[in-house]
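Q: Sharing a structure, written as structure tokens. Questions coming.
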Amino acid sequence: MFFCGISGEPPQDPVVSSKSGNVYERRLILKYITDNGTDPLTGEKLEESDLLTIKANPKAAPPRPPAATSIPALLHMLQNEWDAVVLEMFALKQQCNSTRQELSYSLYAQDAASRVIARLIRERDAAREALANVQATLGVTPANGAAEDVEMAEENGAQEGALPKEIVDQIDETQQTLSATRKKRKAPAGYTSTAEVKTFVATHTIPSLHSASPAGMTSLAVSRLNPSQFLTGGNDRIVQLYDRSTDKVLASLKGHTKKVNQVAFREREGEPTLLLSAGADKIAKIWAQDSASGEYIPKSTIRTHKGELTGLVVHPTNSIIALSSLDKTYSLHELSGFAQIYRSAPAEDAFTSLAIHPDGALLALGTLSSKIQICDVRSGAVAAYITPPDASPFTVNSLSFSENGYHLLAPDSTSSVAIWDLRKMKTAHTIPLGEGFKINKVLYDYSAQYLGVAGNEGIRVFAHKTWEELVRFEEAGDVSDMVFGEQGKEIWATSGREVRIWGLPA
């Protein structure tokens, strides 16, 4: 083993002085000769020609430096390398997250822009169609280029499709009135107590309603002004009005071509009662009683939507109805002239259920992806999204606001319900119903003291706040819809072709 006479280290390119016989690193000795011209060890005169190259064969690997010849030194070196790798990985993760956020923002911006463009195109096409109809009526020949896109002036005023100002004022007035009264309102005198609910028994059954093929009722509504009358919709495409006091069918209303999903009464003092229905055939129908014949006749058919109708509610003003559909939109219609006054832009998910806040300012819409969308009725803007945490996707097929407006009752899985506190936008409580329970309907009573859940294993009624199960009716079997009766003294439900009623024992 050779060592350089200058550095004391094994030389990479060794040379030997022919005069002194000392070994040096070539680059070091050449630099020394250039500066001094002598041998660094003997002081004799030395030139580059006096250096002889040492040729070793085979070439041996250079030895490790002294710092890497001990186990502690090796561990320290490996630790330094590991720290460098970890720091580099952390920097790469940060860069990846930053890139992912930028991509997510870009996707959201692109999606929003696509929706705006789609809405504008739809409104443009509707305006063109309306213009063409007017021109055809007046016999006016369209000007050249009428079919081409035009730039819209910024001074066009209100957004197309926005609610008329008089409707917004009416909704605001109703909200202020109802909001001021409901916060101080207590349960009406004589309202059913918790102890009485626990004693409820079956009191009446109305069998053989609707057709036997296809059998089954899908929806139920009980008249507020005449509690003995109720409205049902069935798989047989028929809407029936029945009077419990006389045990007679008052009207069998036809007009739907597929099953009826929702029914409702519109009852307003001084005005005729309207019967409303929404079906899987994408249409909603409105009937009113003819003063001359006494029969119910169709007043209007709403064909706004391109998908099955899944929700129908009457606004607290009693002058507007709202519809939801699987075509991912909802719409508002006024009942004086039966005209559409608003239709939402398509959402991300199809709407499967609909409920309206007791003040009339908010709509809740359930979806196929377990998400609940809260919308402002007046502007159509989405006020909030509610999604059950850690839930597998399921269909939100029923929703119900509490009468005080503070809570929203909704399924948070196929077999459990959640009570959402709208003031904090979080779950106040969750009620499991058992793995075999399939929810069909959830409902708050008028006093907001009780909540009911109907499903394939009957009906269960719980106390609000204490969440105690007060009573269950499993004998009903698969219950598709339920309603709390007047003063909470009865519970109505549809099961198969029967309407069952539970109440206080005789």
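Ligands are numbered from 1 in the order shown, residues from 1 within each chain, and chains are lettered A, B, ... in the order they appear in the structure tokens.
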Would you pick out the contacts of Cys4 in chain A at 10 Å or less, using only C-alpha atoms, so that residues sharing its chain but fewer than 4 positions from it are not included, and give the list as a ChimeraX atom specification?
A: /A:8-16,22-26,28-29
Q: If we count only C-alpha atoms and set the cut-off at 12 Å, which residues sit around Thr194 in chain A, ignoring sequence neighbours fewer than 6 positions away in its own chain? Please answer as JSON, numbers by chain.
A: {"A": [200, 447, 449, 450, 451, 461, 462, 463, 464, 466, 467, 468, 469, 470, 471, 488, 489, 504]}
Q: Please run DSSP on the backbone and report, as a PyMOL selection string, all residues within range 114-258 of chain A that come out as helix (DSSP H, G or I).
A: chain A and resi 114-138+154-156+165-182+194-197
Q: Print the selection's residues with N, CA and C atoms to a file, as a compact mmCIF listing (two decimals), in the first residue's frame.
A:
```txt
# COMPACT_ATOMS: atom_id res chain seq x y z
N SER A 114 -69.85 25.37 -16.53
CA SER A 114 -70.68 24.54 -17.41
C SER A 114 -72.15 24.67 -17.05
N ARG A 115 -72.43 24.73 -15.74
CA ARG A 115 -73.84 24.86 -15.32
C ARG A 115 -74.41 26.21 -15.75
N VAL A 116 -73.63 27.26 -15.54
CA VAL A 116 -74.10 28.58 -15.94
C VAL A 116 -74.36 28.63 -17.44
N ILE A 117 -73.45 28.05 -18.21
CA ILE A 117 -73.62 28.04 -19.67
C ILE A 117 -74.86 27.25 -20.06
N ALA A 118 -75.06 26.08 -19.41
CA ALA A 118 -76.23 25.26 -19.74
C ALA A 118 -77.52 26.01 -19.42
N ARG A 119 -77.53 26.70 -18.25
CA ARG A 119 -78.74 27.46 -17.90
C ARG A 119 -79.00 28.59 -18.89
N LEU A 120 -77.96 29.30 -19.27
CA LEU A 120 -78.12 30.40 -20.23
C LEU A 120 -78.60 29.89 -21.58
N ILE A 121 -78.07 28.75 -22.02
CA ILE A 121 -78.51 28.18 -23.30
C ILE A 121 -79.99 27.79 -23.22
N ARG A 122 -80.37 27.19 -22.07
CA ARG A 122 -81.77 26.81 -21.92
C ARG A 122 -82.69 28.03 -21.93
N GLU A 123 -82.28 29.08 -21.21
CA GLU A 123 -83.09 30.29 -21.18
C GLU A 123 -83.13 30.97 -22.56
N ARG A 124 -82.00 30.93 -23.26
CA ARG A 124 -81.98 31.52 -24.61
C ARG A 124 -82.94 30.78 -25.54
N ASP A 125 -82.92 29.42 -25.48
CA ASP A 125 -83.80 28.63 -26.35
C ASP A 125 -85.26 28.89 -26.02
N ALA A 126 -85.55 29.01 -24.68
CA ALA A 126 -86.93 29.29 -24.29
C ALA A 126 -87.38 30.66 -24.80
N ALA A 127 -86.48 31.65 -24.72
CA ALA A 127 -86.82 32.99 -25.21
C ALA A 127 -87.04 32.97 -26.72
N ARG A 128 -86.21 32.23 -27.44
CA ARG A 128 -86.38 32.13 -28.89
C ARG A 128 -87.72 31.49 -29.25
N GLU A 129 -88.05 30.43 -28.49
CA GLU A 129 -89.31 29.75 -28.77
C GLU A 129 -90.50 30.68 -28.51
N ALA A 130 -90.42 31.42 -27.38
CA ALA A 130 -91.50 32.36 -27.08
C ALA A 130 -91.60 33.45 -28.15
N LEU A 131 -90.45 33.95 -28.59
CA LEU A 131 -90.45 34.97 -29.63
C LEU A 131 -91.03 34.44 -30.93
N ALA A 132 -90.66 33.20 -31.27
CA ALA A 132 -91.19 32.61 -32.49
C ALA A 132 -92.70 32.45 -32.42
N ASN A 133 -93.21 32.06 -31.23
CA ASN A 133 -94.66 31.91 -31.08
C ASN A 133 -95.37 33.25 -31.24
N VAL A 134 -94.79 34.30 -30.64
CA VAL A 134 -95.39 35.63 -30.76
C VAL A 134 -95.38 36.09 -32.22
N GLN A 135 -94.25 35.89 -32.89
CA GLN A 135 -94.15 36.29 -34.29
C GLN A 135 -95.14 35.54 -35.16
N ALA A 136 -95.30 34.23 -34.87
CA ALA A 136 -96.26 33.46 -35.65
C ALA A 136 -97.69 33.94 -35.42
N THR A 137 -97.97 34.32 -34.15
CA THR A 137 -99.32 34.81 -33.84
C THR A 137 -99.61 36.14 -34.54
N LEU A 138 -98.60 37.02 -34.56
CA LEU A 138 -98.79 38.34 -35.15
C LEU A 138 -98.54 38.36 -36.65
N GLU A 154 -76.10 44.27 -20.72
CA GLU A 154 -75.98 44.14 -19.27
C GLU A 154 -77.12 44.82 -18.54
N GLU A 155 -77.87 45.67 -19.24
CA GLU A 155 -78.94 46.39 -18.56
C GLU A 155 -80.26 45.64 -18.62
N ASN A 156 -80.22 44.30 -18.84
CA ASN A 156 -81.44 43.55 -19.02
C ASN A 156 -82.27 43.44 -17.75
N LYS A 165 -91.44 39.75 -8.05
CA LYS A 165 -91.28 40.52 -6.82
C LYS A 165 -92.49 40.35 -5.90
N GLU A 166 -93.70 40.31 -6.46
CA GLU A 166 -94.88 40.19 -5.60
C GLU A 166 -94.91 38.84 -4.88
N ILE A 167 -94.38 37.79 -5.53
CA ILE A 167 -94.32 36.48 -4.89
C ILE A 167 -93.29 36.50 -3.76
N VAL A 168 -92.14 37.12 -4.02
CA VAL A 168 -91.11 37.22 -2.99
C VAL A 168 -91.63 38.00 -1.80
N ASP A 169 -92.34 39.11 -2.06
CA ASP A 169 -92.90 39.90 -0.96
C ASP A 169 -93.90 39.08 -0.15
N GLN A 170 -94.68 38.28 -0.84
CA GLN A 170 -95.67 37.45 -0.16
C GLN A 170 -94.98 36.39 0.71
N ILE A 171 -93.92 35.79 0.21
CA ILE A 171 -93.17 34.80 0.98
C ILE A 171 -92.52 35.45 2.19
N ASP A 172 -91.92 36.64 1.99
CA ASP A 172 -91.29 37.36 3.11
C ASP A 172 -92.31 37.69 4.19
N GLU A 173 -93.46 38.17 3.78
CA GLU A 173 -94.50 38.53 4.75
C GLU A 173 -94.97 37.31 5.54
N THR A 174 -95.17 36.19 4.83
CA THR A 174 -95.58 34.96 5.50
C THR A 174 -94.52 34.47 6.47
N GLN A 175 -93.26 34.55 6.05
CA GLN A 175 -92.16 34.11 6.92
C GLN A 175 -92.11 34.94 8.20
N GLN A 176 -92.20 36.26 8.06
CA GLN A 176 -92.12 37.12 9.23
C GLN A 176 -93.28 36.86 10.19
N THR A 177 -94.46 36.66 9.63
CA THR A 177 -95.64 36.41 10.47
C THR A 177 -95.52 35.08 11.21
N LEU A 178 -95.19 34.02 10.46
CA LEU A 178 -95.11 32.69 11.07
C LEU A 178 -93.94 32.58 12.03
N SER A 179 -92.81 33.19 11.67
CA SER A 179 -91.63 33.12 12.53
C SER A 179 -91.88 33.79 13.87
N ALA A 180 -92.60 34.90 13.84
CA ALA A 180 -92.86 35.62 15.08
C ALA A 180 -93.79 34.84 16.02
N THR A 181 -94.70 34.06 15.45
CA THR A 181 -95.66 33.33 16.28
C THR A 181 -95.15 31.97 16.73
N ARG A 182 -94.42 31.27 15.86
CA ARG A 182 -94.05 29.89 16.20
C ARG A 182 -93.03 29.82 17.33
N THR A 194 -97.72 12.68 26.18
CA THR A 194 -96.85 11.52 25.99
C THR A 194 -97.48 10.27 26.59
N ALA A 195 -98.06 10.41 27.75
CA ALA A 195 -98.69 9.25 28.40
C ALA A 195 -99.83 8.71 27.55
N GLU A 196 -100.58 9.60 26.90
CA GLU A 196 -101.70 9.15 26.07
C GLU A 196 -101.21 8.45 24.81
N VAL A 197 -100.13 8.95 24.24
CA VAL A 197 -99.60 8.30 23.03
C VAL A 197 -99.20 6.85 23.33
```
Q: When distances are computed from only C-alpha atoms, which of A:Leu335, A:Cys375, A:Leu443, A:Ala506 shows the smallest separation from Ala493 in chain A?
A: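 Smallest separation from Ala493 in chain A among the options: A:Leu443.
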Q: Give me the residues near Ser370 in chain A as number ranges by chain, where near means some atom within 6 Å (using only C-alpha atoms) and where sequence neighbours in that chain fewer than 5 positions away do not count.
A: A: 393-396
Q: Find the nearest atom pair between each residue of range 225-245 of chain A and range 259-269 of chain A for residues within 7 Å, count only C-alpha atoms, give distances in Å to one decimal, sort rows by chain and ascending number, and present the table as a Markdown table.
A:
```
| residue | atom | partner | partner_atom | distance |
| --- | --- | --- | --- | --- |
| A:Leu231 | CA | A:Val263 | CA | 6.8 |
| A:Thr232 | CA | A:Val263 | CA | 6.6 |
| A:Gly233 | CA | A:Val260 | CA | 5.2 |
| A:Gly234 | CA | A:Val260 | CA | 5.5 |
| A:Asn235 | CA | A:Lys259 | CA | 4.3 |
| A:Asp236 | CA | A:Lys259 | CA | 6.0 |
| A:Arg237 | CA | A:Lys259 | CA | 4.5 |
| A:Ile238 | CA | A:Val260 | CA | 7.0 |
```
Q: Store the residues of this selection in a file with C-alpha atoms, as an mmCIF file, in the first residue's frame.
A:
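Result file is part_19.cif:
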```cif
data_model
loop_
_atom_site.group_PDB
_atom_site.id
_atom_site.type_symbol
_atom_site.label_atom_id
_atom_site.label_comp_id
_atom_site.auth_asym_id
_atom_site.auth_seq_id
_atom_site.Cartn_x
_atom_site.Cartn_y
_atom_site.Cartn_z
ATOM 1 C CA LEU A 231 -106.725 11.599 0.022
ATOM 2 C CA THR A 232 -104.726 8.602 -1.195
ATOM 3 C CA GLY A 233 -102.579 7.862 -4.229
ATOM 4 C CA GLY A 234 -101.951 4.356 -5.475
ATOM 5 C CA ASN A 235 -99.971 2.117 -7.756
ATOM 6 C CA ASP A 236 -103.156 1.821 -9.841
ATOM 7 C CA ARG A 237 -102.594 5.421 -11.111
ATOM 8 C CA ILE A 238 -105.722 6.674 -9.287
#
```
Q: If we count only C-alpha atoms and set the cut-off at 12 Å, which residues sit around Val382 in chain A, ignoring sequence neighbours fewer than 2 positions away in its own chain? Please answer as a ChimeraX atom specification.
A: /A:344-345,347,362-365,372-380,384-386
Q: Hey, can you spit out that residue selection with N, CA, C and O atoms as an mmCIF file, in the first residue's frame?
A:
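Below is the file that was written, result.cif:
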```cif
data_model
loop_
_atom_site.group_PDB
_atom_site.id
_atom_site.type_symbol
_atom_site.label_atom_id
_atom_site.label_comp_id
_atom_site.auth_asym_id
_atom_site.auth_seq_id
_atom_site.Cartn_x
_atom_site.Cartn_y
_atom_site.Cartn_z
ATOM 1 N N SER A 344 -85.480 25.398 -10.890
ATOM 2 C CA SER A 344 -84.070 25.451 -10.533
ATOM 3 C C SER A 344 -83.195 24.939 -11.669
ATOM 4 O O SER A 344 -83.656 24.208 -12.557
ATOM 5 N N ALA A 345 -81.928 25.327 -11.618
ATOM 6 C CA ALA A 345 -80.940 24.747 -12.522
ATOM 7 C C ALA A 345 -80.683 23.302 -12.100
ATOM 8 O O ALA A 345 -80.853 22.952 -10.933
ATOM 9 N N ALA A 347 -79.194 20.086 -10.605
ATOM 10 C CA ALA A 347 -78.222 19.844 -9.535
ATOM 11 C C ALA A 347 -77.322 18.672 -9.911
ATOM 12 O O ALA A 347 -77.465 18.076 -10.981
ATOM 13 N N LEU A 362 -87.389 28.083 3.330
ATOM 14 C CA LEU A 362 -86.404 27.092 2.935
ATOM 15 C C LEU A 362 -87.062 25.831 2.416
ATOM 16 O O LEU A 362 -88.154 25.451 2.856
ATOM 17 N N LEU A 363 -86.377 25.185 1.476
ATOM 18 C CA LEU A 363 -86.763 23.869 0.989
ATOM 19 C C LEU A 363 -85.648 22.889 1.323
ATOM 20 O O LEU A 363 -84.471 23.217 1.220
ATOM 21 N N ALA A 364 -86.018 21.676 1.723
ATOM 22 C CA ALA A 364 -85.050 20.599 1.908
ATOM 23 C C ALA A 364 -85.304 19.548 0.844
ATOM 24 O O ALA A 364 -86.449 19.133 0.628
ATOM 25 N N LEU A 365 -84.244 19.140 0.155
ATOM 26 C CA LEU A 365 -84.365 18.171 -0.931
ATOM 27 C C LEU A 365 -83.424 17.006 -0.681
ATOM 28 O O LEU A 365 -82.214 17.188 -0.528
ATOM 29 N N ILE A 372 -78.391 15.953 1.576
ATOM 30 C CA ILE A 372 -79.600 16.777 1.663
ATOM 31 C C ILE A 372 -79.227 18.203 1.282
ATOM 32 O O ILE A 372 -78.266 18.767 1.813
ATOM 33 N N GLN A 373 -79.983 18.770 0.370
ATOM 34 C CA GLN A 373 -79.717 20.128 -0.110
ATOM 35 C C GLN A 373 -80.763 21.082 0.463
ATOM 36 O O GLN A 373 -81.958 20.849 0.337
ATOM 37 N N ILE A 374 -80.311 22.142 1.124
ATOM 38 C CA ILE A 374 -81.199 23.164 1.691
ATOM 39 C C ILE A 374 -81.145 24.384 0.771
ATOM 40 O O ILE A 374 -80.071 24.935 0.526
ATOM 41 N N CYS A 375 -82.308 24.810 0.255
ATOM 42 C CA CYS A 375 -82.360 25.916 -0.699
ATOM 43 C C CYS A 375 -83.233 27.048 -0.170
ATOM 44 O O CYS A 375 -84.220 26.811 0.533
ATOM 45 N N ASP A 376 -82.868 28.272 -0.524
ATOM 46 C CA ASP A 376 -83.677 29.450 -0.223
ATOM 47 C C ASP A 376 -84.780 29.547 -1.275
ATOM 48 O O ASP A 376 -84.500 29.609 -2.477
ATOM 49 N N VAL A 377 -86.031 29.539 -0.834
ATOM 50 C CA VAL A 377 -87.152 29.549 -1.772
ATOM 51 C C VAL A 377 -87.151 30.815 -2.621
ATOM 52 O O VAL A 377 -87.449 30.790 -3.813
ATOM 53 N N ARG A 378 -86.782 31.949 -2.012
ATOM 54 C CA ARG A 378 -86.895 33.231 -2.709
ATOM 55 C C ARG A 378 -85.854 33.413 -3.801
ATOM 56 O O ARG A 378 -86.158 33.917 -4.878
ATOM 57 N N SER A 379 -84.621 33.002 -3.545
ATOM 58 C CA SER A 379 -83.555 33.212 -4.525
ATOM 59 C C SER A 379 -83.184 31.960 -5.288
ATOM 60 O O SER A 379 -82.557 32.039 -6.344
ATOM 61 N N GLY A 380 -83.549 30.797 -4.769
ATOM 62 C CA GLY A 380 -83.146 29.551 -5.399
ATOM 63 C C GLY A 380 -81.734 29.138 -5.057
ATOM 64 O O GLY A 380 -81.268 28.088 -5.484
ATOM 65 N N ALA A 384 -77.262 25.383 2.158
ATOM 66 C CA ALA A 384 -76.390 24.451 2.875
ATOM 67 C C ALA A 384 -76.550 23.054 2.296
ATOM 68 O O ALA A 384 -77.551 22.745 1.630
ATOM 69 N N TYR A 385 -75.540 22.227 2.540
ATOM 70 C CA TYR A 385 -75.606 20.795 2.245
ATOM 71 C C TYR A 385 -75.453 20.041 3.556
ATOM 72 O O TYR A 385 -74.625 20.383 4.391
ATOM 73 N N ILE A 386 -76.259 18.989 3.719
ATOM 74 C CA ILE A 386 -76.173 18.144 4.907
ATOM 75 C C ILE A 386 -75.862 16.725 4.435
ATOM 76 O O ILE A 386 -76.577 16.175 3.603
#
```
Q: Go through A:Ala189, A:Met217, A:Ala84, A:Ala322 and flag the residue nearest Gly496 in chain A, using only C-alpha atoms for the distances.
A: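 So, comparing all the options, the nearest one is A:Met217.
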Q: What's around Val499 in chain A at 6 Å? Count only C-alpha atoms, leave out sequence neighbours fewer than 2 positions away in its own chain, and write the answer as a PDB file with all heavy atoms, in the first residue's frame.
A:
```pdb
ATOM      1  N   THR A 205    -109.993   0.549  10.651  1.00  0.00           N
ATOM      2  CA  THR A 205    -109.315   0.099   9.431  1.00  0.00           C
ATOM      3  C   THR A 205    -110.271   0.233   8.261  1.00  0.00           C
ATOM      4  O   THR A 205    -111.426  -0.208   8.331  1.00  0.00           O
ATOM      5  CB  THR A 205    -108.850  -1.365   9.550  1.00  0.00           C
ATOM      6  OG1 THR A 205    -107.931  -1.487  10.631  1.00  0.00           O
ATOM      7  CG2 THR A 205    -108.163  -1.812   8.258  1.00  0.00           C
ATOM      8  N   ILE A 206    -109.801   0.859   7.196  1.00  0.00           N
ATOM      9  CA  ILE A 206    -110.602   1.028   5.981  1.00  0.00           C
ATOM     10  C   ILE A 206    -109.970   0.149   4.909  1.00  0.00           C
ATOM     11  O   ILE A 206    -108.889   0.458   4.395  1.00  0.00           O
ATOM     12  CB  ILE A 206    -110.626   2.501   5.533  1.00  0.00           C
ATOM     13  CG1 ILE A 206    -111.151   3.372   6.683  1.00  0.00           C
ATOM     14  CG2 ILE A 206    -111.458   2.673   4.283  1.00  0.00           C
ATOM     15  CD1 ILE A 206    -110.954   4.851   6.485  1.00  0.00           C
ATOM     16  N   ALA A 493    -102.152   5.678   8.647  1.00  0.00           N
ATOM     17  CA  ALA A 493    -101.101   5.063   7.839  1.00  0.00           C
ATOM     18  C   ALA A 493    -101.701   4.274   6.690  1.00  0.00           C
ATOM     19  O   ALA A 493    -102.842   3.788   6.770  1.00  0.00           O
ATOM     20  CB  ALA A 493    -100.234   4.145   8.698  1.00  0.00           C
ATOM     21  N   THR A 494    -100.945   4.169   5.609  1.00  0.00           N
ATOM     22  CA  THR A 494    -101.343   3.346   4.457  1.00  0.00           C
ATOM     23  C   THR A 494    -100.480   2.091   4.450  1.00  0.00           C
ATOM     24  O   THR A 494     -99.261   2.150   4.582  1.00  0.00           O
ATOM     25  CB  THR A 494    -101.145   4.095   3.140  1.00  0.00           C
ATOM     26  OG1 THR A 494     -99.803   4.596   3.069  1.00  0.00           O
ATOM     27  CG2 THR A 494    -102.099   5.267   3.038  1.00  0.00           C
TER      28      THR A 494
END
```
Q: Set the distance at 6 Å and use only C-alpha atoms: which residues neighbour Ala280 in chain A once local chain neighbours fewer than 6 positions away are removed? I'd like the list as a ChimeraX atom specification.
A: /A:258-259,308-309
Q: What gap, in Å, lies between CA of Thr199 in chain A and CA of Gly455 in chain A?
A: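 So the two atoms, CA of Thr199 in chain A and CA of Gly455 in chain A, lie 21.0 Å apart.
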Q: From the set A:Asp290, A:Glu486, A:Glu498, A:Glu44, which residue has the shortest atom-to-atom contact distance to Ser223 in chain A, counting only C-alpha atoms?
A: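 For Ser223 in chain A, the nearest of the candidates is A:Glu486.
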Q: Between A:Tyr342, A:Ser400, A:Leu312, A:Thr317, which has the minimum distance to Gly360 in chain A (counting only C-alpha atoms)?
A: A:Thr317
Q: Using only C-alpha atoms for the distances, tell me which of A:Met482, A:Ala284, A:Lys19, A:Asn97 is nearest to Gly43 in chain A.
A: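 Result for the nearest residue to Gly43 in chain A: A:Lys19.
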Q: So how far away is CA of Leu323 in chain A from CA of Glu457 in chain A, in Å?
A: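 Computed distance, CA of Glu457 in chain A to CA of Leu323 in chain A, equals 28.7 Å.
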Q: A:Tyr444, A:Val249, A:Thr301, A:Ile501: which is nearest His210 in chain A, counting only C-alpha atoms?
A: A:Val249
